[in-house]
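*Asks:* Below you will find the structure I want to go over with you.
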2 protein chains.
Amino acid sequence: VTAVPGVGVPADLETPALVVDIGRVQANIERLQGTLTARGIGLRPHVKTHKSVRIGQLQLDAGARGLTVGTLGEAEVFAAAGVRDQFLAYPLWAEGSKAGRLRDVHDAVELSVGIDSAAGAERLAAAVRGARRPLRVLVEIDPGQHRSGVAPEDAVEVARAARTAGLAVDGVFSHGGHGYRPGGPEPAGADEVRLLAEAADALRAAGFSPSVVSAGSTPTMITAAVSPVTEIRAGTYALGDRQQWTIGAIPAEGCAAVVAGTVVSVHADRYVVDAGAKSLTKDRADWLPGFGHLPDRPDAVIASLSDYHGVVRDPSGAASPRLGEVLPIVPNHICPVVDLYDDFVAVLPDGTAERWPVDARGRSR
Amino acid sequence: VTAVPGVGVPADLETPALVVDIGRVQANIERLQGTLTARGIGLRPHVKTHKSVRIGQLQLDAGARGLTVGTLGEAEVFAAAGVRDQFLAYPLWAEGSKAGRLRDVHDAVELSVGIDSAAGAERLAAAVRGARRPLRVLVEIDPGQHRSGVAPEDAVEVARAARTAGLAVDGVFSHGGHGYRPGGPEPAGADEVRLLAEAADALRAAGFSPSVVSAGSTPTMITAAVSPVTEIRAGTYALGDRQQWTIGAIPAEGCAAVVAGTVVSVHADRYVVDAGAKSLTKDRADWLPGFGHLPDRPDAVIASLSDYHGVVRDPSGAASPRLGEVLPIVPNHICPVVDLYDDFVAVLPDGTAERWPVDARGRSR
């Protein structure tokens, strides 16, 4: 079993706590930005992973062309923080008070929004009617994940409805990265790129000018960064997690965030940390054993989680930690974990630590 | 497939949102309180489920003897709200600033705390040294769940260490309810009661006076409510969830909380709601298909969750809902779900709706 290099946890920390190594975050940001810049492809990081204005600013400072958000609430938080260029990569249903909120963000910043239906596009158009400029939209293409998005052959119909309703159709987007497994083939962006290209060609043939071809996800952030894709919307890469490390999408030292838990109970066959389901989440791909990775004890398995208990078993027979010991844990999937915390401990490259707010925590609507 | 009676979702609700039917909550509270009062056994509801001062007050008004909390943060919130009698059912490791926080709560209210090690007890004693009265503790007994807690034969050693350190040993507690499955035997409190009784007897034989014998969990709230158990610490029963309903621990109408999601994307084989992993959690027992129950579409399966997407498939072939339709979803496990929301929509028995805060949201430490 290999291990993630441990993230240093400050002494005297109340646990459970989220700890982020900002030096590693900066390295993650620069690594991907450098690769994409060298290829002439834009980066529009997804903020749903960190929900932090300060980390978003690090991404913009490093050269990102704008940010991706997943909800109107995230858009509002980053707009209020002065982020001028945002893509809401979601088929927003803009009804009732959400229509007014969308209009306000559209008036305040350069916002584009995802669509995958004529009816959804018409709602967006109604929400921004009378605005100074049309709302820009991208048609979502299903890259084979079968979540939201349409087949390439259906993109034109959605785009036409949008144009008829008064929206500006800027291009297409998708969220790939599905179906990966450790030891499987390299996370493949090839299908995603092929389907996006088909959709963009169809739009062009129908008289549209799809200037944006946007591909998603950390697993495909390298493999999908090829023509005609114009931008990549990776999110998880900034903080990293056990899942992305296990499939090889990021290096071990790309894991920049840990949950620190204190050992509160020790028994012959197990020990218990105070990081449970409300601190780590029960997110677990079926190919991952346990609910997190302990860098200091790489053979240990977090076998079960209750709300405030994480039960750890160690098949290697290693001696248990002592009561009161603080263990860093790399979460399986960092995105829903960050959303549990009002703030995190940012360990700066000089070794000092500060509290950084999770500005968009809980902004799921 | 049977269905939970639908919880009414107010019109014009921004989603995803947590909606709680207060009439059902009151019925849940009165049902269990009535059963336990008739048996002469106390009820000390666990607030980790709802984290709501107002629901906690409903439980106290109905006759609960006090409240159970799982973290110091929850204790602080409920102490600030005036709840005078609390049991922190957790082997708290009271080091550093947590020691000072414990002392403050101990000074403010009648607090007892769980212990399962001599070292943990000594930390608690050090934290409250010099207080006006000793801190009361209960020794945690492992009821076979193998989480925290000691075997009955080890209870005396922990109790002696606590007494030597200056703590007042009030009794024993456990958290049962493990190992249940639908269609399996009725959730059995028998082992939990037997092991608690053994531990209480051992303490008595060693010169202690274990006046509190406290059993836990919604699955065993009825079966463990027998002598010598003196109080039950159920939590989930107040809001209910799919898991407790499926195993028969609560009636279908005991499901009082739903997550409301809007249909944002419809395809031939699936549809997508805007309630994803950050609104429903990925908590799923291996015997439950999908990530929630749709009362209006009981055959539908929430097949996968992304952060903001819930992908629904319906093997019954029922027609898909229309775009923009709002669907109530009964979560698999309500406790970590509530912790995602700053507030919830409380639908009152007269049909009006208010926002009630989740006062202890995020207070995991």
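The way I read the labels, and the way they are meant: chains A, B, ... in the order of the structure tokens, residue 1 as the first residue of every chain, and ligand 1 as the first ligand shown, with later ones counted on from there.
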Excluding segment 285-293 of chain B and its own-chain neighbours fewer than 6 positions away, which residues fall within 9 Å of it when counting only C-alpha atoms? Please give them as a ChimeraX atom specification.

*Replies:* /B:3-4,181-182,242-243,246,277,299-305,310,312,328-333

*Asks:* Got a sec: who's within 6 Å of segment 89-96 of chain A, counting only C-alpha atoms, leaving out chain neighbours fewer than 2 positions off, as a ChimeraX atom specification?

*Replies:* /A:70,87,98-99,114-115,120,123-124 /B:264

*Asks:* Please identify every residue of chain B that has at least one atom no more than 6 Å from any atom of chain A, counting only C-alpha atoms, and report them as a PyMOL selection string.

*Replies:* chain B and resi 15-16+93+148+264-265+278+282-283+336+365

*Asks:* Output N, CA, C and O atoms for every residue in that selection, as a PDB file, in the first residue's frame.

*Replies:*
ATOM      1  N   THR B  15     -35.415  25.190  -4.501  1.00  0.00           N
ATOM      2  CA  THR B  15     -34.888  23.864  -4.184  1.00  0.00           C
ATOM      3  C   THR B  15     -33.402  23.800  -4.526  1.00  0.00           C
ATOM      4  O   THR B  15     -32.925  24.617  -5.312  1.00  0.00           O
ATOM      5  N   PRO B  16     -32.681  22.830  -3.959  1.00  0.00           N
ATOM      6  CA  PRO B  16     -33.122  21.844  -2.976  1.00  0.00           C
ATOM      7  C   PRO B  16     -33.377  22.478  -1.608  1.00  0.00           C
ATOM      8  O   PRO B  16     -32.692  23.415  -1.218  1.00  0.00           O
ATOM      9  N   TRP B  93     -12.654  13.543  24.267  1.00  0.00           N
ATOM     10  CA  TRP B  93     -11.249  13.706  24.659  1.00  0.00           C
ATOM     11  C   TRP B  93     -11.045  15.202  24.925  1.00  0.00           C
ATOM     12  O   TRP B  93     -10.954  16.003  24.003  1.00  0.00           O
ATOM     13  N   SER B 148     -17.405   2.491  19.915  1.00  0.00           N
ATOM     14  CA  SER B 148     -16.778   2.787  21.201  1.00  0.00           C
ATOM     15  C   SER B 148     -17.483   1.979  22.296  1.00  0.00           C
ATOM     16  O   SER B 148     -18.453   1.274  22.041  1.00  0.00           O
ATOM     17  N   VAL B 264     -34.875  19.021 -13.364  1.00  0.00           N
ATOM     18  CA  VAL B 264     -34.175  19.988 -14.216  1.00  0.00           C
ATOM     19  C   VAL B 264     -33.811  19.421 -15.583  1.00  0.00           C
ATOM     20  O   VAL B 264     -33.388  20.166 -16.471  1.00  0.00           O
ATOM     21  N   SER B 265     -33.952  18.117 -15.771  1.00  0.00           N
ATOM     22  CA  SER B 265     -33.509  17.486 -17.016  1.00  0.00           C
ATOM     23  C   SER B 265     -34.286  16.182 -17.165  1.00  0.00           C
ATOM     24  O   SER B 265     -34.364  15.393 -16.222  1.00  0.00           O
ATOM     25  N   LYS B 278     -24.824  16.789  -2.071  1.00  0.00           N
ATOM     26  CA  LYS B 278     -24.742  17.867  -1.078  1.00  0.00           C
ATOM     27  C   LYS B 278     -26.105  18.227  -0.499  1.00  0.00           C
ATOM     28  O   LYS B 278     -26.205  19.140   0.321  1.00  0.00           O
ATOM     29  N   LYS B 282     -24.683  10.659   0.359  1.00  0.00           N
ATOM     30  CA  LYS B 282     -24.606   9.323  -0.255  1.00  0.00           C
ATOM     31  C   LYS B 282     -24.776   8.217   0.775  1.00  0.00           C
ATOM     32  O   LYS B 282     -24.395   7.071   0.538  1.00  0.00           O
ATOM     33  N   ASP B 283     -25.346   8.535   1.927  1.00  0.00           N
ATOM     34  CA  ASP B 283     -25.586   7.516   2.949  1.00  0.00           C
ATOM     35  C   ASP B 283     -26.574   6.491   2.387  1.00  0.00           C
ATOM     36  O   ASP B 283     -27.678   6.842   1.976  1.00  0.00           O
ATOM     37  N   PRO B 336     -27.338  12.931   8.855  1.00  0.00           N
ATOM     38  CA  PRO B 336     -26.341  13.739   8.133  1.00  0.00           C
ATOM     39  C   PRO B 336     -26.972  14.687   7.122  1.00  0.00           C
ATOM     40  O   PRO B 336     -26.324  15.655   6.713  1.00  0.00           O
ATOM     41  N   ARG B 365     -17.704  19.499  16.331  1.00  0.00           N
ATOM     42  CA  ARG B 365     -16.631  19.437  17.328  1.00  0.00           C
ATOM     43  C   ARG B 365     -16.982  20.276  18.548  1.00  0.00           C
ATOM     44  O   ARG B 365     -17.832  21.140  18.453  1.00  0.00           O
TER      45      ARG B 365
END

*Asks:* What's the separation between atom CA of Arg39 of chain B and atom CA of Met221 of chain B, in Å to one decimal place?

*Replies:* 12.0 Å

*Asks:* As JSON, numbers by chain, please: every residue in segment 100-337 of chain B that a backbone DSSP assignment puts in alpha helix (DSSP H).

*Replies:* {"B": [100, 101, 102, 103, 104, 105, 106, 107, 108, 118, 119, 120, 121, 122, 123, 124, 125, 126, 127, 155, 156, 157, 158, 159, 160, 161, 162, 163, 164, 165, 190, 191, 192, 193, 194, 195, 196, 197, 198, 199, 200, 201, 202, 203, 204, 205, 242, 243, 244, 245, 246, 277, 278, 279, 280, 334, 335, 336, 337]}

*Asks:* Looking only at the backbone, which of the residues in segment 68-214 of chain B does DSSP tag as strand (DSSP E), as a ChimeraX atom specification?

*Replies:* /B:68-69,85-88,110-115,136-140,168-173,212-214

*Asks:* Could you write those residues out with N, CA and C atoms, as an mmCIF file, in the first residue's frame?

*Replies:*
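Saved the output as out_3.cif:
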data_model
loop_
_atom_site.group_PDB
_atom_site.id
_atom_site.type_symbol
_atom_site.label_atom_id
_atom_site.label_comp_id
_atom_site.auth_asym_id
_atom_site.auth_seq_id
_atom_site.Cartn_x
_atom_site.Cartn_y
_atom_site.Cartn_z
ATOM 1 N N THR B 68 -30.026 14.456 24.742
ATOM 2 C CA THR B 68 -28.722 13.842 24.480
ATOM 3 C C THR B 68 -28.049 14.647 23.376
ATOM 4 N N VAL B 69 -26.746 14.896 23.540
ATOM 5 C CA VAL B 69 -25.969 15.551 22.491
ATOM 6 C C VAL B 69 -24.789 14.652 22.143
ATOM 7 N N ASP B 85 -30.526 20.103 31.146
ATOM 8 C CA ASP B 85 -30.171 18.717 31.498
ATOM 9 C C ASP B 85 -29.720 18.007 30.225
ATOM 10 N N GLN B 86 -28.427 17.763 30.106
ATOM 11 C CA GLN B 86 -27.882 17.192 28.881
ATOM 12 C C GLN B 86 -26.916 16.054 29.187
ATOM 13 N N PHE B 87 -26.959 15.059 28.327
ATOM 14 C CA PHE B 87 -25.984 13.975 28.382
ATOM 15 C C PHE B 87 -25.204 13.979 27.068
ATOM 16 N N LEU B 88 -23.902 14.156 27.179
ATOM 17 C CA LEU B 88 -23.016 14.093 26.011
ATOM 18 C C LEU B 88 -22.605 12.625 25.859
ATOM 19 N N GLU B 110 -26.642 21.160 33.853
ATOM 20 C CA GLU B 110 -26.424 19.813 34.379
ATOM 21 C C GLU B 110 -25.970 18.923 33.234
ATOM 22 N N LEU B 111 -24.685 18.674 33.168
ATOM 23 C CA LEU B 111 -24.133 17.896 32.062
ATOM 24 C C LEU B 111 -23.563 16.590 32.594
ATOM 25 N N SER B 112 -23.844 15.497 31.909
ATOM 26 C CA SER B 112 -23.077 14.273 32.150
ATOM 27 C C SER B 112 -22.423 13.879 30.831
ATOM 28 N N VAL B 113 -21.356 13.108 30.935
ATOM 29 C CA VAL B 113 -20.522 12.813 29.761
ATOM 30 C C VAL B 113 -20.185 11.324 29.747
ATOM 31 N N GLY B 114 -20.054 10.758 28.544
ATOM 32 C CA GLY B 114 -19.670 9.367 28.409
ATOM 33 C C GLY B 114 -18.172 9.171 28.589
ATOM 34 N N ILE B 115 -17.784 8.011 29.110
ATOM 35 C CA ILE B 115 -16.367 7.645 29.187
ATOM 36 C C ILE B 115 -16.231 6.186 28.765
ATOM 37 N N ARG B 136 -20.608 14.516 36.269
ATOM 38 C CA ARG B 136 -21.185 13.179 36.268
ATOM 39 C C ARG B 136 -20.809 12.464 34.967
ATOM 40 N N VAL B 137 -20.527 11.186 35.071
ATOM 41 C CA VAL B 137 -20.153 10.401 33.893
ATOM 42 C C VAL B 137 -20.914 9.087 33.870
ATOM 43 N N LEU B 138 -21.096 8.553 32.650
ATOM 44 C CA LEU B 138 -21.643 7.214 32.452
ATOM 45 C C LEU B 138 -20.603 6.413 31.679
ATOM 46 N N VAL B 139 -20.402 5.183 32.086
ATOM 47 C CA VAL B 139 -19.448 4.315 31.394
ATOM 48 C C VAL B 139 -20.129 3.721 30.160
ATOM 49 N N GLU B 140 -19.486 3.865 29.016
ATOM 50 C CA GLU B 140 -20.075 3.333 27.791
ATOM 51 C C GLU B 140 -19.798 1.837 27.662
ATOM 52 N N ALA B 168 -18.149 11.809 39.234
ATOM 53 C CA ALA B 168 -19.273 11.102 39.849
ATOM 54 C C ALA B 168 -19.813 10.085 38.856
ATOM 55 N N VAL B 169 -19.643 8.809 39.159
ATOM 56 C CA VAL B 169 -20.080 7.752 38.234
ATOM 57 C C VAL B 169 -21.566 7.495 38.453
ATOM 58 N N ASP B 170 -22.363 7.862 37.459
ATOM 59 C CA ASP B 170 -23.825 7.776 37.588
ATOM 60 C C ASP B 170 -24.402 6.491 37.030
ATOM 61 N N GLY B 171 -23.653 5.799 36.171
ATOM 62 C CA GLY B 171 -24.222 4.589 35.595
ATOM 63 C C GLY B 171 -23.546 4.193 34.303
ATOM 64 N N VAL B 172 -24.328 3.574 33.442
ATOM 65 C CA VAL B 172 -23.804 3.012 32.199
ATOM 66 C C VAL B 172 -24.723 3.382 31.037
ATOM 67 N N PHE B 173 -24.144 3.355 29.841
ATOM 68 C CA PHE B 173 -24.967 3.598 28.645
ATOM 69 C C PHE B 173 -24.411 2.815 27.482
ATOM 70 N N VAL B 212 -28.335 5.373 36.597
ATOM 71 C CA VAL B 212 -28.735 5.551 35.197
ATOM 72 C C VAL B 212 -28.275 4.345 34.379
ATOM 73 N N VAL B 213 -29.206 3.712 33.698
ATOM 74 C CA VAL B 213 -28.897 2.651 32.737
ATOM 75 C C VAL B 213 -29.574 3.082 31.437
ATOM 76 N N SER B 214 -28.775 3.614 30.522
ATOM 77 C CA SER B 214 -29.304 4.347 29.369
ATOM 78 C C SER B 214 -29.024 3.579 28.085
#

*Asks:* Compare B:Arg84, B:Asp296, B:Ala202, B:Ala197 by their minimum atom-to-atom distance to Ala260 of chain B, counting only C-alpha atoms, and give me the closest one.

*Replies:* B:Asp296

*Asks:* May I ask for the distance between atom CA of Ser227 of chain A and atom CA of Thr164 of chain A, given in Å to one decimal place?

*Replies:*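 Taking atom CA of Ser227 of chain A and atom CA of Thr164 of chain A, their separation equals 29.2 Å.
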
*Asks:* Name all residues at most 9 Å from Leu196 of chain A (count only C-alpha atoms; drop same-chain ones fewer than 5 positions away) and give them as a PyMOL selection string.

*Replies:* chain A and resi 141-143+152+172-174+191+201+213-215+228-229

*Asks:* Determine, counting only C-alpha atoms, which protein, DNA and RNA residues have an atom within 10 Å of an atom of Gln57 of chain A; residues of the same chain fewer than 4 positions away are not included. Present the result as a PyMOL selection string.

*Replies:* chain A and resi 52-53+61-64+66-67+78+81-83

*Asks:* Filtering to N, CA and C atoms, could you give me those residues as a PDB file, in the first residue's frame?

*Replies:*
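To be explicit, this is the file written out as part_1.pdb:
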ATOM      1  N   SER A  52     -14.255  28.375  -1.989  1.00  0.00           N
ATOM      2  CA  SER A  52     -13.447  29.375  -1.299  1.00  0.00           C
ATOM      3  C   SER A  52     -13.087  30.500  -2.252  1.00  0.00           C
ATOM      4  N   VAL A  53     -13.452  31.713  -1.895  1.00  0.00           N
ATOM      5  CA  VAL A  53     -13.107  32.865  -2.726  1.00  0.00           C
ATOM      6  C   VAL A  53     -11.594  33.004  -2.842  1.00  0.00           C
ATOM      7  N   ASP A  61      -5.480  34.158 -10.479  1.00  0.00           N
ATOM      8  CA  ASP A  61      -4.156  34.779 -10.520  1.00  0.00           C
ATOM      9  C   ASP A  61      -3.177  33.941 -11.339  1.00  0.00           C
ATOM     10  N   ALA A  62      -3.371  32.609 -11.317  1.00  0.00           N
ATOM     11  CA  ALA A  62      -2.458  31.727 -12.043  1.00  0.00           C
ATOM     12  C   ALA A  62      -2.771  31.667 -13.534  1.00  0.00           C
ATOM     13  N   GLY A  63      -3.913  32.261 -13.948  1.00  0.00           N
ATOM     14  CA  GLY A  63      -4.197  32.290 -15.373  1.00  0.00           C
ATOM     15  C   GLY A  63      -5.519  31.710 -15.805  1.00  0.00           C
ATOM     16  N   ALA A  64      -6.337  31.283 -14.865  1.00  0.00           N
ATOM     17  CA  ALA A  64      -7.657  30.774 -15.258  1.00  0.00           C
ATOM     18  C   ALA A  64      -8.450  31.879 -15.946  1.00  0.00           C
ATOM     19  N   GLY A  66     -11.661  32.247 -16.015  1.00  0.00           N
ATOM     20  CA  GLY A  66     -12.902  32.509 -15.299  1.00  0.00           C
ATOM     21  C   GLY A  66     -13.147  31.331 -14.389  1.00  0.00           C
ATOM     22  N   LEU A  67     -14.290  31.279 -13.749  1.00  0.00           N
ATOM     23  CA  LEU A  67     -14.596  30.181 -12.846  1.00  0.00           C
ATOM     24  C   LEU A  67     -15.885  29.494 -13.279  1.00  0.00           C
ATOM     25  N   PHE A  78     -19.525  34.230  -5.544  1.00  0.00           N
ATOM     26  CA  PHE A  78     -18.322  34.622  -6.280  1.00  0.00           C
ATOM     27  C   PHE A  78     -18.531  35.949  -7.022  1.00  0.00           C
ATOM     28  N   ALA A  81     -17.876  38.574  -4.556  1.00  0.00           N
ATOM     29  CA  ALA A  81     -16.434  38.692  -4.307  1.00  0.00           C
ATOM     30  C   ALA A  81     -15.705  39.302  -5.499  1.00  0.00           C
ATOM     31  N   GLY A  82     -16.424  39.661  -6.548  1.00  0.00           N
ATOM     32  CA  GLY A  82     -15.799  40.367  -7.661  1.00  0.00           C
ATOM     33  C   GLY A  82     -15.352  39.498  -8.812  1.00  0.00           C
ATOM     34  N   VAL A  83     -15.749  38.241  -8.834  1.00  0.00           N
ATOM     35  CA  VAL A  83     -15.364  37.374  -9.961  1.00  0.00           C
ATOM     36  C   VAL A  83     -16.292  37.681 -11.132  1.00  0.00           C
TER      37      VAL A  83
END

*Asks:* Mind checking which residues fall within 10 Å of Glu253 of chain B, counting only C-alpha atoms, ignoring those fewer than 2 positions away in the same chain, and posting them as a ChimeraX atom specification?

*Replies:* /B:3-7,24-25,27-28,240,245,250-251,255-256

*Asks:* Write a file of the just-selected residues containing all heavy atoms, as a short mmCIF file (atom, residue, chain, number, x, y, z; two decimals), in the first residue's frame.

*Replies:*
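Output saved as selection_20.cif:
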data_model
loop_
_atom_site.label_atom_id
_atom_site.label_comp_id
_atom_site.auth_asym_id
_atom_site.auth_seq_id
_atom_site.Cartn_x
_atom_site.Cartn_y
_atom_site.Cartn_z
N ALA B 3 -45.47 3.06 -0.15
CA ALA B 3 -44.99 4.44 -0.21
C ALA B 3 -45.24 5.14 1.11
O ALA B 3 -46.20 4.85 1.83
CB ALA B 3 -45.69 5.20 -1.32
N VAL B 4 -44.37 6.06 1.42
CA VAL B 4 -44.58 6.96 2.54
C VAL B 4 -45.64 7.98 2.12
O VAL B 4 -45.57 8.51 1.01
CB VAL B 4 -43.26 7.67 2.89
CG1 VAL B 4 -43.50 8.84 3.83
CG2 VAL B 4 -42.28 6.68 3.50
N PRO B 5 -46.62 8.27 2.99
CA PRO B 5 -47.57 9.34 2.63
C PRO B 5 -46.81 10.63 2.38
O PRO B 5 -45.94 11.01 3.15
CB PRO B 5 -48.45 9.45 3.88
CG PRO B 5 -48.21 8.22 4.69
CD PRO B 5 -46.85 7.71 4.31
N GLY B 6 -47.09 11.27 1.27
CA GLY B 6 -46.32 12.45 0.85
C GLY B 6 -46.37 13.57 1.87
O GLY B 6 -47.41 13.86 2.44
N VAL B 7 -45.23 14.18 2.08
CA VAL B 7 -45.18 15.40 2.89
C VAL B 7 -45.47 16.57 1.95
O VAL B 7 -44.88 16.67 0.88
CB VAL B 7 -43.79 15.56 3.54
CG1 VAL B 7 -43.61 16.98 4.08
CG2 VAL B 7 -43.60 14.54 4.64
N ARG B 24 -46.38 15.80 11.96
CA ARG B 24 -45.82 14.43 12.05
C ARG B 24 -44.74 14.35 13.13
O ARG B 24 -44.62 13.35 13.82
CB ARG B 24 -45.24 14.00 10.71
CG ARG B 24 -46.31 13.68 9.68
CD ARG B 24 -45.73 12.88 8.53
NE ARG B 24 -46.66 12.93 7.41
CZ ARG B 24 -46.43 12.43 6.21
NH1 ARG B 24 -45.27 11.84 5.96
NH2 ARG B 24 -47.32 12.50 5.24
N VAL B 25 -43.93 15.40 13.23
CA VAL B 25 -42.90 15.41 14.27
C VAL B 25 -43.56 15.31 15.65
O VAL B 25 -43.14 14.51 16.50
CB VAL B 25 -42.04 16.69 14.17
CG1 VAL B 25 -41.11 16.82 15.38
CG2 VAL B 25 -41.23 16.69 12.88
N ALA B 27 -46.44 14.09 16.37
CA ALA B 27 -46.99 12.74 16.54
C ALA B 27 -45.89 11.74 16.89
O ALA B 27 -46.07 10.87 17.75
CB ALA B 27 -47.73 12.31 15.27
N ASN B 28 -44.74 11.86 16.23
CA ASN B 28 -43.62 10.96 16.53
C ASN B 28 -43.17 11.13 17.98
O ASN B 28 -42.88 10.14 18.68
CB ASN B 28 -42.43 11.28 15.61
CG ASN B 28 -42.68 10.88 14.17
OD1 ASN B 28 -43.58 10.09 13.87
ND2 ASN B 28 -41.90 11.44 13.25
N GLY B 240 -37.72 10.73 11.44
CA GLY B 240 -37.91 9.52 10.64
C GLY B 240 -37.09 9.56 9.37
O GLY B 240 -36.62 10.61 8.93
N TRP B 245 -37.92 3.37 8.50
CA TRP B 245 -39.22 2.89 8.04
C TRP B 245 -39.08 1.51 7.41
O TRP B 245 -39.88 0.60 7.67
CB TRP B 245 -39.79 3.91 7.04
CG TRP B 245 -40.89 3.41 6.17
CD1 TRP B 245 -42.06 2.85 6.58
CD2 TRP B 245 -40.91 3.41 4.74
NE1 TRP B 245 -42.82 2.52 5.48
CE2 TRP B 245 -42.14 2.84 4.34
CE3 TRP B 245 -40.04 3.85 3.76
CZ2 TRP B 245 -42.50 2.69 3.01
CZ3 TRP B 245 -40.38 3.71 2.43
CH2 TRP B 245 -41.60 3.13 2.06
N ILE B 250 -40.18 2.47 12.60
CA ILE B 250 -41.17 3.56 12.65
C ILE B 250 -42.24 3.28 11.60
O ILE B 250 -41.98 2.57 10.62
CB ILE B 250 -40.53 4.94 12.37
CG1 ILE B 250 -39.91 4.98 10.96
CG2 ILE B 250 -39.49 5.29 13.42
CD1 ILE B 250 -39.52 6.35 10.47
N PRO B 251 -43.43 3.85 11.77
CA PRO B 251 -44.45 3.69 10.73
C PRO B 251 -44.14 4.59 9.54
O PRO B 251 -43.34 5.52 9.64
CB PRO B 251 -45.73 4.15 11.43
CG PRO B 251 -45.28 5.10 12.48
CD PRO B 251 -43.91 4.61 12.93
N CYS B 255 -42.21 9.25 8.80
CA CYS B 255 -41.26 10.00 7.95
C CYS B 255 -41.78 11.43 7.83
O CYS B 255 -42.71 11.70 7.07
CB CYS B 255 -41.12 9.34 6.58
SG CYS B 255 -40.32 7.73 6.64
N ALA B 256 -41.17 12.34 8.57
CA ALA B 256 -41.68 13.71 8.67
C ALA B 256 -40.83 14.70 7.89
O ALA B 256 -41.19 15.87 7.84
CB ALA B 256 -41.72 14.13 10.14
#

*Asks:* Find, counting only C-alpha atoms, the residue in A:Glu231, A:Glu153, A:Glu192, A:Glu30 that gets nearest to Ala205 of chain A.

*Replies:*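 Among A:Glu231, A:Glu153, A:Glu192, A:Glu30, it is A:Glu153 that comes nearest to Ala205 of chain A.
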